[in-house]
$ cat final39.txt   # compact mmCIF, C-alpha atoms
# COMPACT_ATOMS: atom_id res chain seq x y z
CA PRO A 1 1.77 19.50 0.20
CA MET A 2 1.15 17.92 -3.21
CA VAL A 3 -2.25 16.91 -4.58
CA PRO A 4 -2.70 14.86 -7.80
CA PHE A 5 -5.58 15.70 -10.17
CA GLY A 6 -6.94 13.53 -12.96
CA THR A 7 -10.52 14.28 -13.99
CA GLY A 8 -12.00 15.41 -10.65
CA THR A 9 -14.86 12.89 -10.79
CA GLY A 10 -14.24 11.41 -7.32
CA LEU A 11 -17.02 11.68 -4.75
CA GLU A 12 -15.14 11.82 -1.42
CA GLY A 13 -13.16 15.05 -1.73
CA GLY A 14 -9.95 13.27 -2.71
CA VAL A 15 -8.55 16.20 -4.71
CA ASN A 16 -9.36 18.97 -2.22
CA ALA A 17 -6.22 20.80 -1.10
CA VAL A 18 -7.19 21.00 2.57
CA GLN A 19 -3.68 22.17 3.58
CA GLY A 20 -2.94 24.23 0.48
CA GLY A 21 0.15 23.37 -1.50
CA VAL A 22 0.61 22.43 -5.17
CA CYS A 23 -1.93 20.66 -7.39
CA PHE A 24 -0.43 18.47 -10.14
CA ASP A 25 -2.79 18.29 -13.12
CA LEU A 26 -1.92 15.00 -14.86
CA SER A 27 -4.64 15.18 -17.52
CA ARG A 28 -2.25 15.94 -20.40
CA MET A 29 -0.14 12.85 -19.68
CA ASP A 30 -2.45 10.97 -22.03
CA ALA A 31 -0.26 8.47 -23.87
CA ILE A 32 -1.23 4.83 -24.39
CA ALA A 33 2.33 3.62 -24.06
CA GLU A 34 2.01 -0.06 -24.95
CA LEU A 35 -0.74 -2.42 -26.12
CA SER A 36 -0.21 -6.19 -26.17
CA LEU A 37 -3.17 -8.00 -27.72
CA GLU A 38 -1.58 -11.42 -27.12
CA ASP A 39 -1.01 -10.68 -23.42
CA PHE A 40 -4.39 -8.96 -22.95
CA SER A 41 -2.70 -5.91 -21.43
CA VAL A 42 -2.24 -2.20 -22.01
CA THR A 43 -0.08 0.48 -20.38
CA VAL A 44 -1.55 3.97 -20.00
CA GLU A 45 -0.63 7.33 -18.49
CA PRO A 46 -2.95 9.10 -15.97
CA GLY A 47 -4.58 11.38 -18.55
CA VAL A 48 -6.12 8.41 -20.40
CA THR A 49 -9.78 7.94 -19.46
CA ARG A 50 -11.69 4.68 -19.66
CA LYS A 51 -13.76 5.85 -22.64
CA ALA A 52 -10.63 6.97 -24.50
CA LEU A 53 -9.03 3.58 -23.90
CA ASN A 54 -12.05 1.61 -25.11
CA LYS A 55 -12.26 3.85 -28.18
CA HIS A 56 -8.59 3.05 -28.88
CA LEU A 57 -9.36 -0.68 -28.50
CA ARG A 58 -12.15 -0.73 -31.10
CA GLY A 59 -11.58 -3.43 -33.65
CA THR A 60 -9.19 -5.41 -31.45
CA GLY A 61 -11.81 -7.68 -29.87
CA LEU A 62 -10.72 -6.50 -26.41
CA TRP A 63 -12.06 -3.97 -23.91
CA PHE A 64 -11.49 -2.62 -20.41
CA PRO A 65 -14.73 -3.35 -18.50
CA VAL A 66 -14.36 -1.47 -15.20
CA ASP A 67 -17.08 1.17 -15.51
CA PRO A 68 -17.71 3.61 -12.63
CA GLY A 69 -20.12 5.64 -14.78
CA ALA A 70 -18.06 8.80 -15.05
CA ASP A 71 -15.39 9.02 -17.74
CA ALA A 72 -12.71 8.89 -15.08
CA SER A 73 -8.93 8.80 -15.43
CA LEU A 74 -7.70 5.21 -15.35
CA CYS A 75 -4.88 6.04 -12.91
CA GLY A 76 -7.43 7.94 -10.81
CA MET A 77 -9.63 4.85 -10.88
CA ALA A 78 -6.67 2.82 -9.64
CA ALA A 79 -5.90 5.39 -6.94
CA THR A 80 -9.46 5.19 -5.58
CA GLY A 81 -10.00 1.46 -6.12
CA ALA A 82 -12.92 2.20 -8.44
CA SER A 83 -15.57 -0.31 -9.39
CA GLY A 84 -18.84 -0.07 -11.33
CA THR A 85 -21.58 -1.91 -13.14
CA ASN A 86 -19.41 -4.73 -14.58
CA ALA A 87 -17.64 -5.61 -11.33
CA VAL A 88 -19.82 -8.64 -10.59
CA ARG A 89 -18.22 -10.46 -13.54
CA TYR A 90 -14.96 -8.66 -14.35
CA GLY A 91 -13.92 -7.42 -10.93
CA THR A 92 -12.94 -4.01 -9.59
CA MET A 93 -9.77 -2.06 -10.40
CA ARG A 94 -7.69 -4.06 -7.91
CA PRO A 95 -7.51 -7.38 -9.84
CA ASN A 96 -7.34 -5.52 -13.16
CA VAL A 97 -4.14 -3.57 -12.38
CA LEU A 98 -0.97 -5.54 -13.20
CA ASN A 99 1.69 -2.90 -12.54
CA LEU A 100 2.01 0.76 -11.56
CA ARG A 101 4.69 3.39 -12.02
CA VAL A 102 4.63 5.57 -8.92
CA VAL A 103 6.45 8.79 -8.09
CA LEU A 104 7.29 8.53 -4.40
CA PRO A 105 7.36 11.58 -2.09
CA ASP A 106 11.15 11.92 -2.38
CA GLY A 107 11.02 11.85 -6.19
CA ARG A 108 12.11 8.25 -6.75
CA LEU A 109 10.27 6.16 -9.36
CA LEU A 110 8.81 2.83 -8.22
CA HIS A 111 7.47 0.12 -10.53
CA THR A 112 5.28 -1.90 -8.17
CA ALA A 113 5.73 -5.20 -10.04
CA GLY A 114 9.17 -4.36 -11.43
CA PRO A 115 10.03 -2.33 -14.57
CA GLY A 116 8.29 -3.63 -17.69
CA ARG A 117 6.64 -6.58 -15.96
CA GLN A 118 3.02 -7.58 -16.53
CA PRO A 119 2.43 -11.17 -15.38
CA ARG A 120 -1.15 -12.30 -14.80
CA LYS A 121 -0.19 -13.46 -11.33
CA ARG A 122 2.83 -13.28 -9.07
CA ALA A 123 3.91 -14.51 -5.64
CA ALA A 124 7.13 -12.55 -5.35
CA GLY A 125 7.31 -10.59 -2.12
CA TYR A 126 4.88 -8.01 -0.84
CA ASP A 127 2.04 -7.01 -3.18
CA LEU A 128 3.09 -3.40 -3.77
CA THR A 129 0.60 -2.96 -6.61
CA SER A 130 -2.34 -3.65 -4.32
CA LEU A 131 -0.85 -1.32 -1.70
CA PHE A 132 -1.04 1.63 -4.10
CA VAL A 133 -4.44 0.70 -5.59
CA GLY A 134 -6.88 2.54 -3.34
CA SER A 135 -4.19 4.68 -1.68
CA GLU A 136 -5.87 7.87 -2.98
CA GLY A 137 -2.62 9.72 -3.70
CA THR A 138 -1.47 9.57 -0.08
CA LEU A 139 1.60 7.38 -0.74
CA GLY A 140 2.68 8.60 -4.19
CA PHE A 141 1.47 9.74 -7.59
CA LEU A 142 0.43 7.09 -10.12
CA THR A 143 1.98 8.14 -13.44
CA GLN A 144 1.47 4.93 -15.41
CA ALA A 145 -0.72 1.84 -15.06
CA THR A 146 -0.55 -1.53 -16.80
CA LEU A 147 -4.06 -2.91 -17.00
CA ARG A 148 -5.64 -6.25 -17.73
CA LEU A 149 -7.91 -6.38 -20.80
CA HIS A 150 -10.78 -8.77 -21.51
CA PRO A 151 -12.24 -10.27 -24.68
CA LEU A 152 -15.51 -8.75 -25.88
CA PRO A 153 -18.43 -11.17 -25.47
CA GLU A 154 -19.86 -12.77 -28.61
CA ALA A 155 -23.42 -11.88 -27.59
CA THR A 156 -25.03 -9.55 -25.04
CA ALA A 157 -28.59 -9.21 -23.79
CA VAL A 158 -30.16 -6.72 -21.34
CA THR A 159 -33.54 -6.72 -19.63
CA VAL A 160 -35.41 -4.55 -17.14
CA ALA A 161 -37.58 -6.23 -14.49
CA SER A 162 -40.00 -4.68 -11.98
CA PHE A 163 -40.65 -6.24 -8.57
CA PRO A 164 -43.36 -5.85 -5.90
CA SER A 165 -40.85 -4.73 -3.25
CA VAL A 166 -37.23 -3.80 -2.62
CA GLY A 167 -36.77 -7.07 -0.74
CA ALA A 168 -38.04 -9.12 -3.69
CA ALA A 169 -35.69 -7.39 -6.13
CA VAL A 170 -32.65 -7.91 -3.94
CA ALA A 171 -33.64 -11.51 -3.13
CA CYS A 172 -33.85 -12.16 -6.88
CA THR A 173 -30.29 -10.83 -7.24
CA VAL A 174 -29.01 -13.21 -4.58
CA GLN A 175 -30.76 -16.18 -6.18
CA VAL A 176 -29.39 -15.37 -9.65
CA LEU A 177 -25.88 -15.41 -8.18
CA GLN A 178 -26.55 -18.60 -6.21
CA ALA A 179 -27.73 -20.27 -9.42
CA ALA A 180 -24.30 -19.51 -10.93
CA VAL A 181 -25.75 -17.56 -13.82
CA PRO A 182 -22.65 -15.86 -15.31
CA VAL A 183 -24.27 -12.45 -15.15
CA ALA A 184 -22.24 -9.41 -16.22
CA ARG A 185 -24.30 -6.67 -14.56
CA ILE A 186 -27.14 -6.54 -12.02
CA GLU A 187 -28.17 -2.99 -11.19
CA PHE A 188 -30.85 -2.10 -8.65
CA LEU A 189 -33.13 0.96 -8.61
CA ASP A 190 -35.66 1.52 -5.85
CA GLU A 191 -39.10 2.84 -6.88
CA VAL A 192 -38.05 6.49 -6.37
CA MET A 193 -34.97 6.05 -8.54
CA ALA A 194 -36.87 4.04 -11.18
CA ASP A 195 -39.48 6.79 -11.43
CA ALA A 196 -36.81 9.51 -11.62
CA CYS A 197 -34.74 7.66 -14.26
CA GLY A 198 -37.82 6.81 -16.29
CA ARG A 199 -38.97 10.42 -16.41
CA PHE A 200 -35.50 11.87 -16.97
CA SER A 201 -34.73 9.51 -19.86
CA GLY A 202 -38.25 9.50 -21.28
CA MET A 203 -38.45 5.70 -21.01
CA GLY A 204 -41.40 5.60 -18.60
CA LEU A 205 -40.36 2.83 -16.21
CA PRO A 206 -42.95 1.43 -13.78
CA VAL A 207 -42.75 3.07 -10.35
CA ALA A 208 -41.45 -0.06 -8.64
CA ALA A 209 -38.26 -1.67 -7.39
CA THR A 210 -36.33 -2.47 -10.56
CA LEU A 211 -33.41 -4.57 -11.76
CA LEU A 212 -31.38 -3.98 -14.92
CA LEU A 213 -29.66 -7.22 -15.79
CA GLU A 214 -27.09 -7.91 -18.52
CA LEU A 215 -25.80 -11.29 -19.70
CA HIS A 216 -22.64 -11.98 -21.73
CA GLY A 217 -21.74 -15.17 -23.54
CA SER A 218 -21.98 -17.13 -26.75
CA ARG A 219 -25.26 -16.99 -28.67
CA GLN A 220 -26.04 -20.56 -27.65
CA SER A 221 -25.26 -20.10 -23.95
CA LEU A 222 -27.12 -16.79 -23.81
CA ALA A 223 -30.49 -18.41 -24.56
CA GLU A 224 -30.03 -20.82 -21.66
CA GLN A 225 -29.00 -18.01 -19.30
CA GLN A 226 -32.04 -15.94 -20.29
CA GLN A 227 -34.41 -18.82 -19.60
CA GLN A 228 -32.85 -19.50 -16.20
CA THR A 229 -32.92 -15.83 -15.23
CA GLU A 230 -36.54 -15.35 -16.27
CA GLU A 231 -37.58 -18.32 -14.09
CA ILE A 232 -35.86 -16.83 -11.03
CA MET A 233 -37.50 -13.46 -11.73
CA ARG A 234 -40.95 -15.05 -11.89
CA GLN A 235 -40.36 -16.85 -8.60
CA ASN A 236 -39.73 -13.47 -6.97
CA GLY A 237 -42.73 -11.71 -8.51
CA GLY A 238 -40.73 -9.95 -11.20
CA SER A 239 -42.28 -8.82 -14.45
CA SER A 240 -39.64 -8.65 -17.15
CA LEU A 241 -39.68 -6.61 -20.33
CA ALA A 242 -38.32 -8.10 -23.54
CA TRP A 243 -34.59 -8.71 -23.80
CA ALA A 244 -32.68 -6.03 -25.70
CA GLU A 245 -29.82 -7.45 -27.77
CA GLY A 246 -29.19 -4.66 -30.28
CA LEU A 247 -26.39 -2.20 -29.48
CA GLU A 248 -28.60 0.90 -29.69
CA GLU A 249 -31.27 -0.52 -27.35
CA ARG A 250 -28.67 -1.68 -24.86
CA GLU A 251 -26.87 1.65 -24.85
CA GLN A 252 -30.17 3.45 -24.28
CA LEU A 253 -30.89 1.36 -21.18
CA TRP A 254 -27.41 1.84 -19.72
CA SER A 255 -27.46 5.54 -20.53
CA MET A 256 -30.61 5.75 -18.42
CA ARG A 257 -28.80 4.00 -15.55
CA HIS A 258 -25.64 6.11 -15.85
CA ASN A 259 -27.74 9.28 -15.74
CA ALA A 260 -29.16 8.28 -12.33
CA TRP A 261 -27.26 11.13 -10.64
CA TYR A 262 -28.84 13.74 -12.88
CA ALA A 263 -32.24 12.06 -12.64
CA ALA A 264 -31.99 12.28 -8.84
CA LEU A 265 -31.00 15.96 -8.97
CA ALA A 266 -34.08 16.61 -11.14
CA LEU A 267 -36.27 15.54 -8.22
CA ARG A 268 -35.56 18.98 -6.75
CA PRO A 269 -35.20 21.49 -9.61
CA GLY A 270 -32.17 23.78 -9.55
CA CYS A 271 -29.82 21.26 -7.99
CA GLN A 272 -26.09 21.63 -8.59
CA VAL A 273 -23.17 19.28 -8.01
CA ARG A 274 -21.26 20.20 -4.87
CA HIS A 275 -17.97 18.84 -3.57
CA ARG A 276 -16.86 18.14 -0.04
CA ASP A 277 -15.06 20.78 1.94
CA GLY A 278 -12.55 19.81 4.58
CA ASP A 279 -11.88 22.92 6.60
CA ASP A 280 -13.56 21.64 9.74
CA GLY A 281 -14.60 18.34 11.26
CA SER A 282 -18.31 18.57 10.55
CA ARG A 283 -17.83 19.16 6.82
CA ALA A 284 -15.11 16.55 6.57
CA HIS A 285 -17.49 13.88 7.82
CA GLY A 286 -20.35 14.33 5.41
CA ALA A 287 -21.76 17.79 4.84
CA LEU A 288 -21.06 19.50 1.53
CA SER A 289 -19.65 22.93 0.95
CA ALA A 290 -21.89 25.78 -0.10
CA THR A 291 -20.93 27.83 -3.15
CA ALA A 292 -21.98 31.12 -4.66
CA LEU A 293 -24.35 29.37 -7.07
CA PRO A 294 -27.99 30.43 -6.69
CA SER A 295 -29.31 26.89 -6.23
CA LEU A 296 -30.24 25.89 -2.69
CA ALA A 297 -30.43 22.16 -3.35
CA GLN A 298 -27.47 19.78 -3.33
CA GLY A 299 -26.85 16.18 -4.21
CA TYR A 300 -24.72 13.95 -1.99
CA SER A 301 -23.94 10.35 -2.99
CA THR A 302 -22.65 7.76 -0.56
CA ASP A 303 -21.97 4.04 -0.88
CA VAL A 304 -21.52 0.94 1.25
CA CYS A 305 -20.88 -2.71 0.46
CA VAL A 306 -22.05 -5.76 2.42
CA PRO A 307 -21.85 -9.56 2.06
CA ILE A 308 -24.42 -10.86 -0.42
CA SER A 309 -26.21 -12.86 2.29
CA ARG A 310 -26.90 -9.68 4.28
CA LEU A 311 -27.82 -7.52 1.30
CA PRO A 312 -31.64 -7.98 1.38
CA ASP A 313 -31.89 -7.07 5.07
CA VAL A 314 -29.51 -4.10 4.84
CA VAL A 315 -31.24 -2.63 1.78
CA VAL A 316 -34.69 -2.96 3.38
CA GLU A 317 -33.48 -1.43 6.67
CA THR A 318 -31.86 1.45 4.77
CA LYS A 319 -35.07 2.06 2.85
CA GLN A 320 -37.01 2.22 6.13
CA ASP A 321 -34.40 4.58 7.60
CA LEU A 322 -34.70 6.92 4.60
CA GLN A 323 -38.47 7.06 4.93
CA ALA A 324 -38.33 7.63 8.69
CA SER A 325 -35.77 10.41 8.20
CA GLY A 326 -38.00 12.25 5.74
CA LEU A 327 -35.14 12.58 3.24
CA THR A 328 -35.23 12.56 -0.55
CA GLY A 329 -32.79 9.73 -1.18
CA PRO A 330 -33.31 7.38 -4.13
CA MET A 331 -31.31 4.16 -3.93
CA VAL A 332 -29.27 2.62 -6.73
CA GLY A 333 -26.54 0.06 -6.72
CA HIS A 334 -24.33 -2.66 -8.10
CA VAL A 335 -26.16 -5.23 -6.03
CA GLY A 336 -24.49 -8.14 -7.82
CA ASP A 337 -21.48 -7.58 -5.58
CA GLY A 338 -23.30 -6.20 -2.54
CA ASN A 339 -22.59 -2.53 -3.29
CA PHE A 340 -25.31 0.13 -3.27
CA HIS A 341 -25.65 3.92 -3.14
CA CYS A 342 -28.03 6.48 -1.71
CA ILE A 343 -28.24 9.81 -3.58
CA LEU A 344 -29.44 12.36 -1.06
CA ILE A 345 -30.98 15.62 -2.31
CA PHE A 346 -31.34 18.35 0.31
CA ASN A 347 -31.57 22.08 0.91
CA SER A 348 -28.08 23.44 1.53
CA GLN A 349 -29.49 26.42 3.43
CA ASP A 350 -31.43 24.24 5.89
CA PRO A 351 -29.03 23.23 8.71
CA GLU A 352 -31.56 20.82 10.17
CA GLU A 353 -31.97 18.92 6.89
CA ALA A 354 -28.19 18.89 6.32
CA GLN A 355 -27.73 17.42 9.79
CA ARG A 356 -30.30 14.70 9.02
CA VAL A 357 -28.32 13.84 5.88
CA HIS A 358 -25.10 13.63 7.89
CA ALA A 359 -26.73 11.47 10.59
CA PHE A 360 -28.24 9.16 7.98
CA THR A 361 -24.93 8.60 6.19
CA GLN A 362 -23.23 7.73 9.48
CA ARG A 363 -25.99 5.24 10.34
CA LEU A 364 -25.73 3.74 6.86
CA GLY A 365 -21.97 3.25 7.20
CA ARG A 366 -22.33 1.68 10.64
CA ARG A 367 -25.20 -0.54 9.44
CA ALA A 368 -22.87 -1.90 6.74
CA LEU A 369 -20.09 -2.47 9.27
CA ALA A 370 -22.46 -4.27 11.63
CA ALA A 371 -23.42 -6.56 8.74
CA GLY A 372 -19.79 -7.53 8.17
CA GLY A 373 -19.34 -5.10 5.26
CA THR A 374 -17.35 -1.96 4.51
CA CYS A 375 -18.12 1.76 4.71
CA THR A 376 -17.22 2.17 1.02
CA GLY A 377 -17.22 -0.33 -1.82
CA GLU A 378 -15.89 1.99 -4.52
CA HIS A 379 -16.02 5.71 -3.67
CA GLY A 380 -13.02 5.58 -1.35
CA VAL A 381 -12.43 7.20 2.04
CA GLY A 382 -11.19 10.68 1.10
CA LEU A 383 -12.39 13.23 3.63
CA GLY A 384 -15.85 11.96 4.40
CA LYS A 385 -15.29 8.46 5.75
CA ARG A 386 -12.17 8.72 7.86
CA ALA A 387 -14.03 8.11 11.13
CA LEU A 388 -15.84 5.12 9.66
CA LEU A 389 -12.54 3.69 8.39
CA GLN A 390 -11.20 3.73 11.95
CA GLU A 391 -14.27 1.82 13.15
CA GLU A 392 -13.89 -0.64 10.27
CA LEU A 393 -10.20 -1.46 10.77
CA GLY A 394 -9.87 -1.02 14.52
CA GLN A 395 -6.95 0.70 16.21
CA GLU A 396 -4.42 -1.94 15.16
CA GLY A 397 -5.40 -1.62 11.51
CA LEU A 398 -5.31 2.17 11.61
CA ASP A 399 -1.91 2.17 13.35
CA THR A 400 -0.55 -0.10 10.62
CA LEU A 401 -1.82 2.29 7.92
CA ARG A 402 -0.18 5.20 9.72
CA SER A 403 3.10 3.28 9.93
CA ILE A 404 3.06 2.65 6.17
CA LYS A 405 2.23 6.30 5.51
CA ALA A 406 5.06 7.49 7.79
CA ALA A 407 7.56 5.12 6.19
CA LEU A 408 6.84 6.28 2.64
CA ASP A 409 5.86 9.91 3.32
CA PRO A 410 7.49 10.99 6.61
CA HIS A 411 6.80 14.69 5.98
CA ASN A 412 3.11 14.09 5.13
CA LEU A 413 3.40 15.81 1.74
CA MET A 414 1.28 13.52 -0.41
CA ASN A 415 -2.40 14.51 -0.45
CA PRO A 416 -2.47 15.20 3.30
CA GLY A 417 -5.68 15.03 5.27
CA LYS A 418 -7.15 12.18 3.22
CA VAL A 419 -7.92 8.63 4.39
CA LEU A 420 -6.05 9.07 7.73
$ encode --input "final39.txt" --output "structure tokens"
Amino acid sequence: PMVPFGTGTGLEGGVNAVQGGVCFDLSRMDAIAELSLEDFSVTVEPGVTRKALNKHLRGTGLWFPVDPGADASLCGMAATGASGTNAVRYGTMRPNVLNLRVVLPDGRLLHTAGPGRQPRKRAAGYDLTSLFVGSEGTLGFLTQATLRLHPLPEATAVTVASFPSVGAAVACTVQVLQAAVPVARIEFLDEVMADACGRFSGMGLPVAATLLLELHGSRQSLAEQQQQTEEIMRQNGGSSLAWAEGLEEREQLWSMRHNAWYAALALRPGCQVRHRDGDDGSRAHGALSATALPSLAQGYSTDVCVPISRLPDVVVETKQDLQASGLTGPMVGHVGDGNFHCILIFNSQDPEEAQRVHAFTQRLGRRALAAGGTCTGEHGVGLGKRALLQEELGQEGLDTLRSIKAALDPHNLMNPGKVL
């Protein structure tokens, strides 16, 4: 068995060697092989992270906007189909990958769009690039990715708005999208998460359902967008702070949001990051592995994604489920594209609490499926969501995935035990 490793920032146990074997650390393959400013494209190896790429692009007027929070490997982001705060405007990894160089299980090299090709669109045959985006290392190793770049906006403005309820905040999100405001980011924090982030960052947010909203555009268009957004916020009971347009203020606000994981862990002092184990069925479907660290508390993050029209109901139902379950689980999400997360903090030595966490995550996944959504919008399947994937695709869909896997990897050598 062969397991690829980039930065290890995935959240679904994708790099766990559940059948042993050889781990391939690709982090030192860190060349930016080709940059074409005229074609808005760049070709990178798997050791290049998103922050390293954007640092390299400074002064070019271009950037790579897919931002999962962690400074993840760009090929790892392609392998997991990553997303993030900018997806509502710039899309996820899938539309931003133009070509991939893949090492297949038998050692052959495959260029998914053909060697050296980077067209913005193509209708030639099967879409092999999309097949490998999100494949989580189960079909081959991604050793090079050609990515789509975007122009930096002329002007940017960020605001924070508090709302009387979770439902009001999410309804505001839907209305902003329906009004065709070209919003770049809409991030949701429930009152528990807003309180935790405010205290962790020292910014002192109101303890209320909160939206962080960012607009991109020309200076002239930005003023119109701000006015339109403020009106929709008022209609939903939102109280907005002043717009932050300076780089330092904006970075401070987004740093607060990106530190949500650590802010959640601080709700129960002594928490440590834990990763999924896969040595038995119960752990593979949601519980986290214990370690020799002295801390008893763990953090477990899960995500789902639903159609925008169902988002208010699903978020409110999930909030009620959390409260009824008696779990510490602040909610945060990229609600502009229907994707949200629950960060569950629990005592690893309490089997009853761990079981409640597992039961809640299964209900959350099935609630998303019942609403016409997916069990994961960006984390991937890995070990933890294999059963939910089967429910999502049905037997025919799962059989098709197995047929593809068997055709490309008949000996089940590539990252076995994941996804299927």
$ closest_residue --input "final39.txt" --among "A:Gly394, A:Pro65, A:Pro105, A:Pro4" --to "A:Ala406" --atoms "only C-alpha atoms"
A:Pro105
$ atom_distance --input "final39.txt" --atom1 "atom CA of A:Phe40" --atom2 "atom CA of A:Arg94"
16.2 Å
$ atom_distance --input "final39.txt" --atom1 "atom CA of A:Ala70" --atom2 "atom CA of A:Lys51"
9.2 Å
$ closest_residue --input "final39.txt" --among "A:Val3, A:Ala354, A:Ala264, A:Ala82" --to "A:Gly134" --atoms "only C-alpha atoms"
A:Ala82
$ closest_residue --input "final39.txt" --among "A:Ala387, A:Val160, A:Leu74, A:Cys375" --to "A:Gly238" --atoms "all atoms listed in the file"
A:Val160
$ closest_residue --input "final39.txt" --among "A:Gln320, A:Asn339, A:Thr328, A:Thr143" --to "A:Phe188" --atoms "all atoms listed in the file"
A:Asn339
$ build_atoms --input "final39.txt" --residues "stretch 409-415 of chain A" --atoms "all heavy atoms" --output "PDB file, in the frame of the given file"
ATOM      1  N   ASP A 409       6.078   8.454   3.422  1.00  0.00           N
ATOM      2  CA  ASP A 409       5.860   9.910   3.320  1.00  0.00           C
ATOM      3  C   ASP A 409       6.036  10.534   4.698  1.00  0.00           C
ATOM      4  O   ASP A 409       5.075  11.014   5.311  1.00  0.00           O
ATOM      5  CB  ASP A 409       4.440  10.150   2.776  1.00  0.00           C
ATOM      6  CG  ASP A 409       4.135  11.621   2.553  1.00  0.00           C
ATOM      7  OD1 ASP A 409       5.091  12.426   2.493  1.00  0.00           O
ATOM      8  OD2 ASP A 409       2.944  11.970   2.441  1.00  0.00           O
ATOM      9  N   PRO A 410       7.261  10.540   5.226  1.00  0.00           N
ATOM     10  CA  PRO A 410       7.490  10.990   6.610  1.00  0.00           C
ATOM     11  C   PRO A 410       7.120  12.454   6.848  1.00  0.00           C
ATOM     12  O   PRO A 410       6.832  12.831   7.984  1.00  0.00           O
ATOM     13  CB  PRO A 410       8.993  10.745   6.818  1.00  0.00           C
ATOM     14  CG  PRO A 410       9.571  10.717   5.439  1.00  0.00           C
ATOM     15  CD  PRO A 410       8.514  10.119   4.579  1.00  0.00           C
ATOM     16  N   HIS A 411       7.129  13.277   5.810  1.00  0.00           N
ATOM     17  CA  HIS A 411       6.800  14.690   5.980  1.00  0.00           C
ATOM     18  C   HIS A 411       5.330  14.992   5.657  1.00  0.00           C
ATOM     19  O   HIS A 411       4.937  16.155   5.633  1.00  0.00           O
ATOM     20  CB  HIS A 411       7.719  15.545   5.101  1.00  0.00           C
ATOM     21  CG  HIS A 411       9.174  15.374   5.414  1.00  0.00           C
ATOM     22  ND1 HIS A 411       9.739  15.747   6.617  1.00  0.00           N
ATOM     23  CD2 HIS A 411      10.182  14.834   4.682  1.00  0.00           C
ATOM     24  CE1 HIS A 411      11.027  15.459   6.614  1.00  0.00           C
ATOM     25  NE2 HIS A 411      11.321  14.903   5.453  1.00  0.00           N
ATOM     26  N   ASN A 412       4.549  13.952   5.393  1.00  0.00           N
ATOM     27  CA  ASN A 412       3.110  14.090   5.130  1.00  0.00           C
ATOM     28  C   ASN A 412       2.834  15.100   4.012  1.00  0.00           C
ATOM     29  O   ASN A 412       2.039  16.026   4.131  1.00  0.00           O
ATOM     30  CB  ASN A 412       2.358  14.518   6.404  1.00  0.00           C
ATOM     31  CG  ASN A 412       0.849  14.363   6.261  1.00  0.00           C
ATOM     32  OD1 ASN A 412       0.354  13.540   5.485  1.00  0.00           O
ATOM     33  ND2 ASN A 412       0.102  15.169   7.013  1.00  0.00           N
ATOM     34  N   LEU A 413       3.525  14.897   2.873  1.00  0.00           N
ATOM     35  CA  LEU A 413       3.400  15.810   1.740  1.00  0.00           C
ATOM     36  C   LEU A 413       2.381  15.349   0.709  1.00  0.00           C
ATOM     37  O   LEU A 413       1.881  16.160  -0.069  1.00  0.00           O
ATOM     38  CB  LEU A 413       4.770  15.970   1.053  1.00  0.00           C
ATOM     39  CG  LEU A 413       5.871  16.628   1.861  1.00  0.00           C
ATOM     40  CD1 LEU A 413       7.174  16.624   1.076  1.00  0.00           C
ATOM     41  CD2 LEU A 413       5.490  18.059   2.256  1.00  0.00           C
ATOM     42  N   MET A 414       2.110  14.054   0.651  1.00  0.00           N
ATOM     43  CA  MET A 414       1.280  13.520  -0.410  1.00  0.00           C
ATOM     44  C   MET A 414      -0.194  13.527  -0.017  1.00  0.00           C
ATOM     45  O   MET A 414      -0.639  12.767   0.850  1.00  0.00           O
ATOM     46  CB  MET A 414       1.720  12.084  -0.762  1.00  0.00           C
ATOM     47  CG  MET A 414       3.206  11.957  -1.073  1.00  0.00           C
ATOM     48  SD  MET A 414       3.753  13.032  -2.421  1.00  0.00           S
ATOM     49  CE  MET A 414       3.177  12.114  -3.836  1.00  0.00           C
ATOM     50  N   ASN A 415      -0.947  14.414  -0.651  1.00  0.00           N
ATOM     51  CA  ASN A 415      -2.400  14.510  -0.450  1.00  0.00           C
ATOM     52  C   ASN A 415      -2.778  14.440   1.032  1.00  0.00           C
ATOM     53  O   ASN A 415      -3.598  13.591   1.441  1.00  0.00           O
ATOM     54  CB  ASN A 415      -3.122  13.413  -1.244  1.00  0.00           C
ATOM     55  CG  ASN A 415      -4.533  13.836  -1.632  1.00  0.00           C
ATOM     56  OD1 ASN A 415      -4.931  14.992  -1.478  1.00  0.00           O
ATOM     57  ND2 ASN A 415      -5.291  12.895  -2.139  1.00  0.00           N
TER      58      ASN A 415
END
